[in-house]
Amino acid sequence: MIKKEKNLFDLLSEKPWDLEQSNQDNLHSGKTINLTKAHLGLKGIMTVSIIFFSLFIVTYADRMLLHDWEKMPEPKLLWFNTFVLFLSSVLFHLAKNKSDILDFKKVKFLLLIIAFLAVVFIIGQVIAWRQLIAQGYFFNSNIANSYFYLFTTLHVLHLVGGLFFLKKATQKVYNENIRAPSIQSSVKLCGIYWHFLFLVWVVLFGLMINS
Amino acid sequence: MSDDFPEQKFGIEAKSSEVSDGGHIPSKTEEQVESEIPEQDLYHPKSFITKWIFCQDAKVIGIQYSITAISIGLLALVLSWLMRLQLGFPEVFSFLGPAGYYQFVTMHGMIMVVYLLTALFLGGFGNFLIPLMVGSRDMVFPYLNMLSFWMYFIAVVVLVASFFVPGGPTGAGWTLYPPQAITSGTPGSESGIVLMLLSLSLFVIGFTMGGLNYIITILQARTRGMTLMRMPLTIWGIFTATILAMLAFPALIVSCIMMTLDSLLGTSFFMPAMVQMGEHLKYGGGSPILFQHLFWFFGHPEVYIVALPAFGIVSDLISIHARKNIFGYRMMVWAIVIIGALSFFVWAHHMYVSGMNPWFGFFFATTTLIIAVPTAIKVYNWILTLWRGNIRLNLPMLFSLAFILTFVNGGITGLFLGNVIVDVPLSDTYFVVAHFHMVMGIAPVLVIFGAIYHWYPLVTGRFLNEAMGKFHFWVTFLGSYAIYFPMHYLGFIGVPRRYYEMYNSPYIPTSAEGLNQFITIAALVVGFAQLIFLYNIISSIRLGKVAGRNPWQACSLEWQTEHVPPQHGNFGKDLPIVYRWAYDYSVPGAKEDYIPQNVPPSEVLGAKVEKT
């Protein structure tokens, strides 16, 4: 959670010209929120991303009310993919705990497994697409299908973006010259993003199997 | 991500009893200052390419943004000339057909709103001013900042490329409403629209990178003593506008993605069932109104993304050049924040004529009128800042005054149009064109000009030429009224907008024809004055009068740098320490009529801080 030193309303009602306030202000460090800039950056990205997906979901909710909506079946494989994503989220939690106690050997191992699982997930999604296409559910044959392919693609793209940072984190763990706090921060932030990806998938998948 | 420095809790909670009288900081704290704020690792450029092209210095990136934005803006200016020639003298010029006219209208609108104003205010002024004004060495993510500019640059290139594809750029109007935007018969419905959507998506991605930088730099990288409520209003405006942009731009990219798929892959997100030339199109079931909601959910905050930085900048210009503290600083901050928040609840006032539940329209008319309250507070505060000020009628001040007048003018017509019942008959006329050009075209552009005259000495170390500036000001100011005042009248008598030519329309009096010619000539003259301005900018780099340090005697930090223009890293060996807000002008008892933000109270003992 964002730790603020003052709440927003107190902050906005300060009187900067007041002598007493001024004396306090002179000691202010210039930082508003007690988080690292990388952490805040991640939060910013996730906020934008949440709005991005929420707007899609709003259009989805609006569009499914129209008469031409035909529900499409979900291949069993998607449940397996969901499990893979869940597993990698759990492993990332483990990796974060291990990096907190400086057990970087385990962290290396876990990060590699997570990367492998991410690839498995992507391949799994592609196979699911191929199964659906083989059954005649094309991208543009019904709007429900369009949303399915669109959501899965956007989610995979977010995952690919995450892999880029996972690669950077993994390189950090393997690099002897990098200080432990830096590695811990990378692993922690990547982990938060992985949990986020899992949650986004659960919301999107839940939406699609229920409509 | 190697920023894991120990975070000492040394914030606002510090007890005031720790501080001696007059705010003089004991030497012990000054030692802590050294250790507490870690020096940022800056990338030091090694070659021409890393210094001027792939540069990570926010000041250079700001200049790159500005040059690109102004260049593409010039294209939009030329397009408006061509449109005006067609409207003023429909039979004389034959080079522009109906298709070309719509393409030019579309590109003019899109370029001016997104690629010029947004990019210039946030990318240009934001990058240049944020680190300097909050007392930071650079943005928090310089590399991302560089990527942000290059994404924007590619977006502009893609946009320009759409002029050269078969069918030309899209002619769907800047709102790009489906279904017509991707239906044959609309110019550029094949490739032009796709390039436009691609370009907008790139712009949004690039902007998100930059926006993260602006927000986090303002929140986290301020110098010691710079609380949020001591920041200049320019920074407040840019900060709030960036937050709006981060929340609103996703709506644009979502609609872009879905329309691209409709266009290229034949999905029906927005496309209803249609019959064209007796044939059923492959589409069916989509909702064009959905697009309108998405678009205006972005589109209305976009107005404030442009307006809020302008509000902030103009507040600073007025305060500096009237030598008075800004009237009601806190009220100004609150107004910016409230306007920002309200701007997300007014979007459907752009859609009154699309058809909606009357209660829905009632709600949006109400919110639209409520937003006038904080805006009016700002206008009163600007005027009260001028009241009994020591006004210096130089160029930044002239442009600021012109802004207030123009903004009030455009704002009042906005009150008309915010009401459903007034909007419905006026919506498709030139009244609306006059309204939005006044309020979000001319008004912010006047601020941009004022800001360029104001900060040019900081960027180059020289003043812009005053005589050319005065000419530029009077022609632009009076000329834009010559253009847009008559347009209000044209709207009242019912001349519809978006029409290529009026031909013989008996209900339109012949005086409208004369007015249209007059407007066209005025537009050509105003455009010409901008060329003088450009010449002024280019020639003053070498020939301008040398400005020296802090030529306007301003309080804010950007003028207190060791070198003018500021060098890489902005400040000298030590970051400045801030002891006051940015508006200590004409303080009673002080020797000079301004006290810069980084002057400690011990150096201005006689000064009495005003109780407001």
# chains A, B, ... in the order shown; residues from 1 in each chain; ligands from 1
>>> residues_around(residues="Trp201 of chain A", least_positions_apart="2", cutoff="9 Å", atoms="only C-alpha atoms", output="PyMOL selection string")
chain A and resi 82+85+151-152+155+196-199+203-206
>>> write_last_selection(atoms="N, CA, C and O atoms", output="compact mmCIF listing (two decimals), in the first residue's frame")
# COMPACT_ATOMS: atom_id res chain seq x y z
N THR A 82 -4.63 -21.80 -16.89
CA THR A 82 -4.89 -21.01 -15.69
C THR A 82 -4.08 -21.56 -14.53
O THR A 82 -3.48 -20.80 -13.75
N LEU A 85 -0.46 -20.54 -14.79
CA LEU A 85 -0.25 -19.16 -14.37
C LEU A 85 -0.31 -19.03 -12.85
O LEU A 85 0.49 -18.32 -12.23
N PHE A 151 -8.85 -10.54 -25.92
CA PHE A 151 -8.43 -10.56 -24.50
C PHE A 151 -7.20 -11.43 -24.32
O PHE A 151 -6.25 -11.04 -23.65
N THR A 152 -7.24 -12.64 -24.91
CA THR A 152 -6.10 -13.54 -24.71
C THR A 152 -4.83 -12.92 -25.30
O THR A 152 -3.77 -12.99 -24.69
N HIS A 155 -3.56 -10.13 -23.09
CA HIS A 155 -2.98 -10.67 -21.86
C HIS A 155 -1.60 -11.26 -22.13
O HIS A 155 -0.65 -11.03 -21.38
N PHE A 196 -0.27 -9.77 -10.56
CA PHE A 196 -1.20 -8.92 -11.30
C PHE A 196 -1.67 -9.61 -12.58
O PHE A 196 -2.86 -9.65 -12.89
N LEU A 197 -0.70 -10.22 -13.31
CA LEU A 197 -1.06 -10.92 -14.55
C LEU A 197 -2.03 -12.05 -14.27
O LEU A 197 -2.98 -12.28 -15.03
N PHE A 198 -1.78 -12.76 -13.18
CA PHE A 198 -2.66 -13.87 -12.83
C PHE A 198 -4.07 -13.35 -12.53
O PHE A 198 -5.06 -13.88 -13.03
N LEU A 199 -4.15 -12.26 -11.76
CA LEU A 199 -5.46 -11.71 -11.42
C LEU A 199 -6.21 -11.23 -12.66
O LEU A 199 -7.39 -11.48 -12.82
N VAL A 203 -9.84 -12.60 -13.93
CA VAL A 203 -11.00 -11.76 -14.20
C VAL A 203 -11.49 -11.97 -15.64
O VAL A 203 -12.68 -12.19 -15.88
N LEU A 204 -10.55 -11.95 -16.59
CA LEU A 204 -10.96 -12.08 -17.99
C LEU A 204 -11.56 -13.46 -18.25
O LEU A 204 -12.60 -13.59 -18.90
N PHE A 205 -10.91 -14.49 -17.72
CA PHE A 205 -11.37 -15.86 -17.95
C PHE A 205 -12.73 -16.05 -17.29
O PHE A 205 -13.65 -16.61 -17.90
N GLY A 206 -12.85 -15.56 -16.05
CA GLY A 206 -14.13 -15.67 -15.36
C GLY A 206 -15.24 -14.98 -16.13
O GLY A 206 -16.36 -15.49 -16.25
>>> residues_around(residues="Ser315 of chain B", least_positions_apart="2", cutoff="9 Å", atoms="only C-alpha atoms", output="ChimeraX atom specification")
/B:232-234,310-313,317-320,326,332,378,381-382,385,400
>>> write_last_selection(atoms="C-alpha atoms", output="short mmCIF file (atom, residue, chain, number, x, y, z; two decimals), in the first residue's frame")
data_model
loop_
_atom_site.label_atom_id
_atom_site.label_comp_id
_atom_site.auth_asym_id
_atom_site.auth_seq_id
_atom_site.Cartn_x
_atom_site.Cartn_y
_atom_site.Cartn_z
CA PRO B 232 4.90 26.67 -8.79
CA LEU B 233 1.43 26.38 -10.31
CA THR B 234 2.99 25.46 -13.64
CA ALA B 310 -1.97 26.52 -19.65
CA PHE B 311 -3.73 27.59 -16.43
CA GLY B 312 -0.63 26.80 -14.42
CA ILE B 313 1.79 28.55 -16.74
CA LEU B 317 3.53 34.47 -15.84
CA ILE B 318 0.98 36.83 -14.34
CA SER B 319 2.47 36.65 -10.87
CA ILE B 320 6.04 37.19 -12.10
CA ILE B 326 -0.54 34.78 -6.90
CA MET B 332 -5.69 27.81 -7.46
CA LYS B 378 -9.25 30.83 -11.39
CA ASN B 381 -7.80 35.01 -8.95
CA TRP B 382 -5.82 35.99 -12.04
CA THR B 385 -3.38 39.03 -8.82
CA SER B 400 -1.28 36.30 -20.48
#
>>> closest_residue(among="A:Ile101, A:Ile114, A:Val173, A:Ile143", to="chain B", atoms="only C-alpha atoms")
A:Ile143
>>> residues_around(residues="Gly44 of chain A", least_positions_apart="5", cutoff="12 Å", atoms="only C-alpha atoms", output="VMD selection string")
(chain A and resid 2 37 to 39 49 to 51 193) or (chain B and resid 208 to 216 242 to 243 246 to 247)
>>> write_last_selection(atoms="N, CA and C atoms", output="compact mmCIF listing (two decimals), in the first residue's frame")
# COMPACT_ATOMS: atom_id res chain seq x y z
N ILE A 2 0.33 2.29 -0.56
CA ILE A 2 1.07 3.55 -0.60
C ILE A 2 1.07 4.16 0.80
N LYS A 37 11.29 4.55 -6.64
CA LYS A 37 10.70 5.04 -7.88
C LYS A 37 10.33 3.88 -8.81
N ALA A 38 11.10 2.77 -8.74
CA ALA A 38 10.75 1.62 -9.57
C ALA A 38 9.40 1.05 -9.13
N HIS A 39 9.20 0.98 -7.81
CA HIS A 39 7.94 0.46 -7.30
C HIS A 39 6.78 1.34 -7.74
N SER A 49 -2.82 -0.06 -16.85
CA SER A 49 -3.22 -1.33 -17.42
C SER A 49 -4.60 -1.76 -16.91
N ILE A 50 -4.86 -1.49 -15.63
CA ILE A 50 -6.17 -1.85 -15.07
C ILE A 50 -7.26 -1.04 -15.78
N ILE A 51 -7.00 0.25 -16.00
CA ILE A 51 -7.99 1.07 -16.69
C ILE A 51 -8.21 0.55 -18.11
N TYR A 193 4.10 -7.98 -10.37
CA TYR A 193 3.54 -7.95 -11.72
C TYR A 193 2.97 -9.32 -12.10
N THR B 208 2.52 7.43 -22.30
CA THR B 208 2.47 6.76 -21.00
C THR B 208 3.87 6.68 -20.39
N MET B 209 4.86 6.41 -21.25
CA MET B 209 6.24 6.38 -20.74
C MET B 209 6.64 7.74 -20.18
N GLY B 210 6.35 8.79 -20.94
CA GLY B 210 6.70 10.12 -20.47
C GLY B 210 5.91 10.49 -19.22
N GLY B 211 4.62 10.16 -19.23
CA GLY B 211 3.74 10.54 -18.14
C GLY B 211 4.18 9.94 -16.82
N LEU B 212 4.60 8.67 -16.84
CA LEU B 212 5.13 8.05 -15.62
C LEU B 212 6.27 8.88 -15.07
N ASN B 213 7.15 9.30 -15.97
CA ASN B 213 8.29 10.12 -15.59
C ASN B 213 7.85 11.42 -14.92
N TYR B 214 6.90 12.12 -15.55
CA TYR B 214 6.51 13.42 -15.02
C TYR B 214 5.92 13.25 -13.62
N ILE B 215 5.01 12.26 -13.48
CA ILE B 215 4.33 12.10 -12.20
C ILE B 215 5.32 11.72 -11.11
N ILE B 216 6.16 10.72 -11.41
CA ILE B 216 7.04 10.22 -10.34
C ILE B 216 8.12 11.24 -10.03
N THR B 242 -1.11 15.48 -16.42
CA THR B 242 -0.50 14.19 -16.73
C THR B 242 -1.31 13.05 -16.12
N ILE B 243 -1.80 13.27 -14.89
CA ILE B 243 -2.63 12.22 -14.29
C ILE B 243 -3.89 12.02 -15.13
N MET B 246 -2.99 10.00 -18.12
CA MET B 246 -2.76 8.58 -17.85
C MET B 246 -4.08 7.84 -17.68
N LEU B 247 -5.10 8.53 -17.17
CA LEU B 247 -6.38 7.88 -16.97
C LEU B 247 -7.24 7.92 -18.23
>>> residues_around(residues="segment 114-119 of chain B", least_positions_apart="3", cutoff="6 Å", atoms="only C-alpha atoms", output="tab-separated table (two decimals) with all heavy atoms, in the first residue's frame")
chain	number	residue	atom	x	y	z
B	69	ALA	N	6.77	19.11	-32.32
B	69	ALA	CA	5.37	19.52	-32.21
B	69	ALA	C	5.11	20.77	-33.03
B	69	ALA	O	4.09	20.86	-33.74
B	69	ALA	CB	5.01	19.76	-30.74
B	73	GLY	N	2.75	21.12	-36.20
B	73	GLY	CA	1.72	22.15	-36.04
B	73	GLY	C	1.69	23.10	-37.23
B	73	GLY	O	0.63	23.56	-37.65
B	110	MET	N	-6.85	16.79	-35.59
B	110	MET	CA	-6.10	15.80	-34.83
B	110	MET	C	-4.70	16.30	-34.49
B	110	MET	O	-4.23	16.15	-33.36
B	110	MET	CB	-6.03	14.51	-35.66
B	110	MET	CG	-5.61	13.32	-34.86
B	110	MET	SD	-6.73	12.98	-33.49
B	110	MET	CE	-7.74	11.68	-34.14
B	111	ILE	N	-4.04	16.91	-35.47
B	111	ILE	CA	-2.68	17.39	-35.22
B	111	ILE	C	-2.68	18.47	-34.15
B	111	ILE	O	-1.90	18.44	-33.21
B	111	ILE	CB	-2.05	17.95	-36.53
B	111	ILE	CG1	-1.77	16.81	-37.50
B	111	ILE	CG2	-0.76	18.70	-36.21
B	111	ILE	CD1	-1.31	17.28	-38.86
B	122	LEU	N	2.92	19.03	-22.44
B	122	LEU	CA	3.42	18.02	-21.50
B	122	LEU	C	4.81	17.55	-21.91
B	122	LEU	O	5.72	17.53	-21.11
B	122	LEU	CB	2.44	16.86	-21.41
B	122	LEU	CG	1.06	17.28	-20.89
B	122	LEU	CD1	0.12	16.10	-20.82
B	122	LEU	CD2	1.17	17.92	-19.53
B	123	GLY	N	4.97	17.20	-23.18
B	123	GLY	CA	6.29	16.73	-23.63
B	123	GLY	C	7.31	17.85	-23.66
B	123	GLY	O	8.44	17.69	-23.21
B	306	VAL	N	-4.94	19.83	-22.05
B	306	VAL	CA	-4.35	21.00	-22.69
B	306	VAL	C	-4.53	22.24	-21.82
B	306	VAL	O	-3.63	23.07	-21.70
B	306	VAL	CB	-5.00	21.20	-24.07
B	306	VAL	CG1	-4.56	22.51	-24.67
B	306	VAL	CG2	-4.64	20.05	-24.99
>>> closest_residue(among="A:Lys108, A:Lys168, A:Lys98, A:His195", to="chain B", atoms="only C-alpha atoms")
A:Lys168
>>> select_by_dssp(residues="segment 167-290 of chain B", states="strand (DSSP E)", output="short mmCIF file (atom, residue, chain, number, x, y, z; two decimals) with N, CA, C and O atoms, in the first residue's frame")
data_model
loop_
_atom_site.label_atom_id
_atom_site.label_comp_id
_atom_site.auth_asym_id
_atom_site.auth_seq_id
_atom_site.Cartn_x
_atom_site.Cartn_y
_atom_site.Cartn_z
N VAL B 275 -26.11 -1.87 -45.22
CA VAL B 275 -26.30 -2.20 -46.63
C VAL B 275 -25.63 -1.10 -47.44
O VAL B 275 -25.88 0.08 -47.20
N GLN B 276 -24.74 -1.52 -48.33
CA GLN B 276 -24.08 -0.52 -49.14
C GLN B 276 -24.24 -0.88 -50.61
O GLN B 276 -23.88 -1.98 -51.01
N GLU B 279 -25.78 -4.09 -51.24
CA GLU B 279 -25.13 -5.30 -50.73
C GLU B 279 -25.01 -5.24 -49.23
O GLU B 279 -24.65 -4.20 -48.67
N HIS B 280 -25.27 -6.37 -48.56
CA HIS B 280 -25.05 -6.42 -47.12
C HIS B 280 -23.56 -6.49 -46.85
O HIS B 280 -22.86 -7.33 -47.40
#
>>> atom_distance(atom1="atom CA of Tyr65 of chain B", atom2="atom CA of Leu120 of chain B")
6.5 Å
>>> atom_distance(atom1="atom CA of Glu70 of chain A", atom2="atom CA of Ser211 of chain A")
9.1 Å
>>> residues_around(residues="Gly418 of chain B", least_positions_apart="5", cutoff="8 Å", atoms="only C-alpha atoms", output="ChimeraX atom specification")
/B:349,365,368-369,423
>>> write_last_selection(atoms="C-alpha atoms", output="CSV table (one decimal), in the first residue's frame")
chain,number,residue,atom,x,y,z
B,349,HIS,CA,-22.1,16.8,-23.5
B,365,ALA,CA,-25.5,19.4,-18.5
B,368,THR,CA,-20.7,20.7,-17.3
B,369,LEU,CA,-22.1,23.8,-15.6
B,423,ASP,CA,-26.7,22.9,-27.9
>>> select_by_dssp(residues="segment 249-317 of chain B", states="helix (DSSP H, G or I)", output="NGL selection string")
:B and (249-265 or 288-317)
>>> write_last_selection(atoms="N, CA and C atoms", output="compact mmCIF listing (two decimals), in the first residue's frame")
# COMPACT_ATOMS: atom_id res chain seq x y z
N PHE B 249 -6.10 8.44 -21.67
CA PHE B 249 -5.56 7.89 -22.91
C PHE B 249 -5.86 6.41 -23.12
N PRO B 250 -5.94 5.59 -22.04
CA PRO B 250 -6.34 4.20 -22.30
C PRO B 250 -7.65 4.10 -23.09
N ALA B 251 -8.59 5.02 -22.86
CA ALA B 251 -9.85 4.96 -23.60
C ALA B 251 -9.59 5.15 -25.08
N LEU B 252 -8.64 6.03 -25.41
CA LEU B 252 -8.33 6.26 -26.82
C LEU B 252 -7.71 5.02 -27.44
N ILE B 253 -6.77 4.42 -26.72
CA ILE B 253 -6.08 3.27 -27.33
C ILE B 253 -7.02 2.08 -27.43
N VAL B 254 -7.93 1.94 -26.45
CA VAL B 254 -8.91 0.85 -26.53
C VAL B 254 -9.79 1.03 -27.77
N SER B 255 -10.27 2.24 -27.98
CA SER B 255 -11.12 2.43 -29.16
C SER B 255 -10.31 2.29 -30.44
N CYS B 256 -9.04 2.70 -30.41
CA CYS B 256 -8.20 2.53 -31.61
C CYS B 256 -8.01 1.06 -31.94
N ILE B 257 -7.72 0.25 -30.91
CA ILE B 257 -7.49 -1.18 -31.16
C ILE B 257 -8.76 -1.81 -31.75
N MET B 258 -9.90 -1.51 -31.13
CA MET B 258 -11.12 -2.17 -31.59
C MET B 258 -11.51 -1.71 -32.98
N MET B 259 -11.30 -0.43 -33.28
CA MET B 259 -11.66 0.02 -34.63
C MET B 259 -10.69 -0.53 -35.66
N THR B 260 -9.40 -0.65 -35.29
CA THR B 260 -8.46 -1.25 -36.23
C THR B 260 -8.89 -2.66 -36.58
N LEU B 261 -9.33 -3.42 -35.56
CA LEU B 261 -9.77 -4.79 -35.82
C LEU B 261 -11.02 -4.80 -36.69
N ASP B 262 -11.94 -3.88 -36.43
CA ASP B 262 -13.13 -3.77 -37.28
C ASP B 262 -12.72 -3.53 -38.73
N SER B 263 -11.71 -2.67 -38.87
CA SER B 263 -11.34 -2.27 -40.22
C SER B 263 -10.55 -3.37 -40.93
N LEU B 264 -9.60 -3.99 -40.23
CA LEU B 264 -8.70 -4.93 -40.90
C LEU B 264 -9.21 -6.35 -40.87
N LEU B 265 -9.79 -6.79 -39.76
CA LEU B 265 -10.15 -8.20 -39.61
C LEU B 265 -11.64 -8.44 -39.69
N PRO B 288 -22.07 1.91 -32.75
CA PRO B 288 -21.27 3.11 -32.98
C PRO B 288 -21.28 4.06 -31.79
N ILE B 289 -22.40 4.06 -31.04
CA ILE B 289 -22.49 4.96 -29.88
C ILE B 289 -21.44 4.58 -28.83
N LEU B 290 -21.16 3.28 -28.75
CA LEU B 290 -20.14 2.83 -27.80
C LEU B 290 -18.81 3.51 -28.09
N PHE B 291 -18.49 3.60 -29.38
CA PHE B 291 -17.25 4.29 -29.74
C PHE B 291 -17.29 5.74 -29.28
N GLN B 292 -18.45 6.37 -29.48
CA GLN B 292 -18.53 7.78 -29.10
C GLN B 292 -18.29 7.96 -27.61
N HIS B 293 -18.86 7.04 -26.81
CA HIS B 293 -18.63 7.14 -25.37
C HIS B 293 -17.15 6.97 -25.05
N LEU B 294 -16.52 5.94 -25.64
CA LEU B 294 -15.10 5.73 -25.39
C LEU B 294 -14.30 6.94 -25.83
N PHE B 295 -14.61 7.42 -27.04
CA PHE B 295 -13.81 8.51 -27.58
C PHE B 295 -13.92 9.75 -26.71
N TRP B 296 -15.13 10.07 -26.28
CA TRP B 296 -15.27 11.30 -25.49
C TRP B 296 -14.86 11.12 -24.05
N PHE B 297 -14.83 9.87 -23.59
CA PHE B 297 -14.26 9.64 -22.26
C PHE B 297 -12.78 10.01 -22.27
N PHE B 298 -12.16 9.82 -23.43
CA PHE B 298 -10.82 10.37 -23.63
C PHE B 298 -10.90 11.85 -24.01
N GLY B 299 -11.82 12.17 -24.91
CA GLY B 299 -11.81 13.47 -25.57
C GLY B 299 -12.07 14.63 -24.65
N HIS B 300 -12.95 14.45 -23.66
CA HIS B 300 -13.16 15.61 -22.82
C HIS B 300 -12.02 15.88 -21.85
N PRO B 301 -11.52 14.86 -21.12
CA PRO B 301 -10.32 15.14 -20.33
C PRO B 301 -9.20 15.72 -21.18
N GLU B 302 -9.14 15.32 -22.44
CA GLU B 302 -8.10 15.87 -23.32
C GLU B 302 -8.15 17.40 -23.37
N VAL B 303 -9.36 17.96 -23.34
CA VAL B 303 -9.48 19.41 -23.31
C VAL B 303 -8.74 19.98 -22.10
N TYR B 304 -8.89 19.29 -20.97
CA TYR B 304 -8.25 19.79 -19.75
C TYR B 304 -6.79 19.39 -19.68
N ILE B 305 -6.42 18.34 -20.39
CA ILE B 305 -5.00 18.00 -20.47
C ILE B 305 -4.27 19.17 -21.13
N VAL B 306 -4.94 19.83 -22.05
CA VAL B 306 -4.35 21.00 -22.69
C VAL B 306 -4.53 22.24 -21.82
N ALA B 307 -5.69 22.35 -21.18
CA ALA B 307 -6.00 23.61 -20.48
C ALA B 307 -5.26 23.74 -19.15
N LEU B 308 -5.13 22.64 -18.40
CA LEU B 308 -4.55 22.76 -17.05
C LEU B 308 -3.11 23.26 -17.07
N PRO B 309 -2.23 22.70 -17.94
CA PRO B 309 -0.88 23.29 -17.97
C PRO B 309 -0.93 24.76 -18.37
N ALA B 310 -1.86 25.11 -19.26
CA ALA B 310 -1.97 26.52 -19.65
C ALA B 310 -2.38 27.37 -18.44
N PHE B 311 -3.34 26.87 -17.65
CA PHE B 311 -3.73 27.59 -16.43
C PHE B 311 -2.52 27.81 -15.54
N GLY B 312 -1.77 26.72 -15.32
CA GLY B 312 -0.63 26.80 -14.42
C GLY B 312 0.40 27.79 -14.91
N ILE B 313 0.75 27.68 -16.19
CA ILE B 313 1.79 28.55 -16.74
C ILE B 313 1.35 30.00 -16.67
N VAL B 314 0.11 30.26 -17.02
CA VAL B 314 -0.34 31.64 -17.06
C VAL B 314 -0.37 32.22 -15.65
N SER B 315 -0.68 31.41 -14.65
CA SER B 315 -0.64 31.90 -13.27
C SER B 315 0.76 32.39 -12.93
N ASP B 316 1.77 31.59 -13.31
CA ASP B 316 3.14 32.00 -13.01
C ASP B 316 3.53 33.25 -13.78
N LEU B 317 3.16 33.30 -15.05
CA LEU B 317 3.53 34.47 -15.84
C LEU B 317 2.92 35.74 -15.25
>>> residues_around(residues="Tyr149 of chain A", least_positions_apart="2", cutoff="10 Å", atoms="only C-alpha atoms", output="JSON, numbers by chain")
{"A": [125, 129, 138, 139, 140, 143, 144, 145, 146, 147, 151, 152, 153, 154, 155]}
>>> write_last_selection(atoms="N, CA, C and O atoms", output="JSON list (two decimals), in the first residue's frame")
[["chain", "number", "residue", "atom", "x", "y", "z"],
["A", 125, "GLN", "N", -1.85, -21.23, -24.73],
["A", 125, "GLN", "CA", -2.85, -20.33, -25.29],
["A", 125, "GLN", "C", -2.93, -20.48, -26.81],
["A", 125, "GLN", "O", -4.02, -20.52, -27.39],
["A", 129, "TRP", "N", -6.10, -21.55, -29.11],
["A", 129, "TRP", "CA", -6.59, -20.83, -30.29],
["A", 129, "TRP", "C", -6.76, -21.79, -31.47],
["A", 129, "TRP", "O", -7.77, -21.77, -32.16],
["A", 138, "PHE", "N", -13.97, -18.63, -35.67],
["A", 138, "PHE", "CA", -12.98, -17.69, -36.20],
["A", 138, "PHE", "C", -13.05, -16.36, -35.48],
["A", 138, "PHE", "O", -14.04, -16.06, -34.82],
["A", 139, "PHE", "N", -12.03, -15.59, -35.70],
["A", 139, "PHE", "CA", -11.91, -14.30, -35.01],
["A", 139, "PHE", "C", -13.13, -13.43, -35.27],
["A", 139, "PHE", "O", -13.63, -12.77, -34.37],
["A", 140, "ASN", "N", -13.58, -13.41, -36.54],
["A", 140, "ASN", "CA", -14.65, -12.45, -36.85],
["A", 140, "ASN", "C", -15.99, -13.12, -37.10],
["A", 140, "ASN", "O", -16.90, -12.50, -37.62],
["A", 143, "ILE", "N", -18.98, -11.88, -32.36],
["A", 143, "ILE", "CA", -18.30, -10.88, -31.56],
["A", 143, "ILE", "C", -17.75, -11.48, -30.27],
["A", 143, "ILE", "O", -16.70, -11.05, -29.77],
["A", 144, "ALA", "N", -18.40, -12.52, -29.74],
["A", 144, "ALA", "CA", -17.87, -13.18, -28.53],
["A", 144, "ALA", "C", -16.50, -13.76, -28.83],
["A", 144, "ALA", "O", -15.58, -13.68, -28.01],
["A", 145, "ASN", "N", -16.35, -14.36, -30.02],
["A", 145, "ASN", "CA", -15.05, -14.90, -30.41],
["A", 145, "ASN", "C", -14.02, -13.78, -30.50],
["A", 145, "ASN", "O", -12.89, -13.93, -30.05],
["A", 146, "SER", "N", -14.44, -12.66, -31.11],
["A", 146, "SER", "CA", -13.50, -11.55, -31.26],
["A", 146, "SER", "C", -12.95, -11.14, -29.90],
["A", 146, "SER", "O", -11.76, -10.93, -29.75],
["A", 147, "TYR", "N", -13.87, -11.03, -28.94],
["A", 147, "TYR", "CA", -13.42, -10.63, -27.60],
["A", 147, "TYR", "C", -12.48, -11.67, -27.01],
["A", 147, "TYR", "O", -11.48, -11.33, -26.37],
["A", 151, "PHE", "N", -8.85, -10.54, -25.92],
["A", 151, "PHE", "CA", -8.43, -10.56, -24.50],
["A", 151, "PHE", "C", -7.20, -11.43, -24.32],
["A", 151, "PHE", "O", -6.25, -11.04, -23.65],
["A", 152, "THR", "N", -7.24, -12.64, -24.91],
["A", 152, "THR", "CA", -6.10, -13.54, -24.71],
["A", 152, "THR", "C", -4.83, -12.92, -25.30],
["A", 152, "THR", "O", -3.77, -12.99, -24.69],
["A", 153, "THR", "N", -4.96, -12.29, -26.48],
["A", 153, "THR", "CA", -3.77, -11.69, -27.09],
["A", 153, "THR", "C", -3.21, -10.58, -26.22],
["A", 153, "THR", "O", -2.01, -10.52, -25.97],
["A", 154, "LEU", "N", -4.10, -9.69, -25.76],
["A", 154, "LEU", "CA", -3.62, -8.57, -24.94],
["A", 154, "LEU", "C", -2.96, -9.07, -23.66],
["A", 154, "LEU", "O", -1.94, -8.55, -23.22],
["A", 155, "HIS", "N", -3.56, -10.13, -23.09],
["A", 155, "HIS", "CA", -2.98, -10.67, -21.86],
["A", 155, "HIS", "C", -1.60, -11.26, -22.13],
["A", 155, "HIS", "O", -0.65, -11.03, -21.38]]
>>> atom_distance(atom1="atom CA of Ala221 of chain B", atom2="atom CA of Arg137 of chain B")
8.7 Å
>>> residues_around(residues="Leu117 of chain A", least_positions_apart="4", cutoff="8 Å", atoms="only C-alpha atoms", output="list of chain:residue names")
A:Val84, A:Leu85, A:Ser88, A:Ile113, A:Phe121
>>> closest_residue(among="A:Met208, A:Val107, A:Gly191, A:Arg130", to="Gln171 of chain A", atoms="only C-alpha atoms")
A:Val107
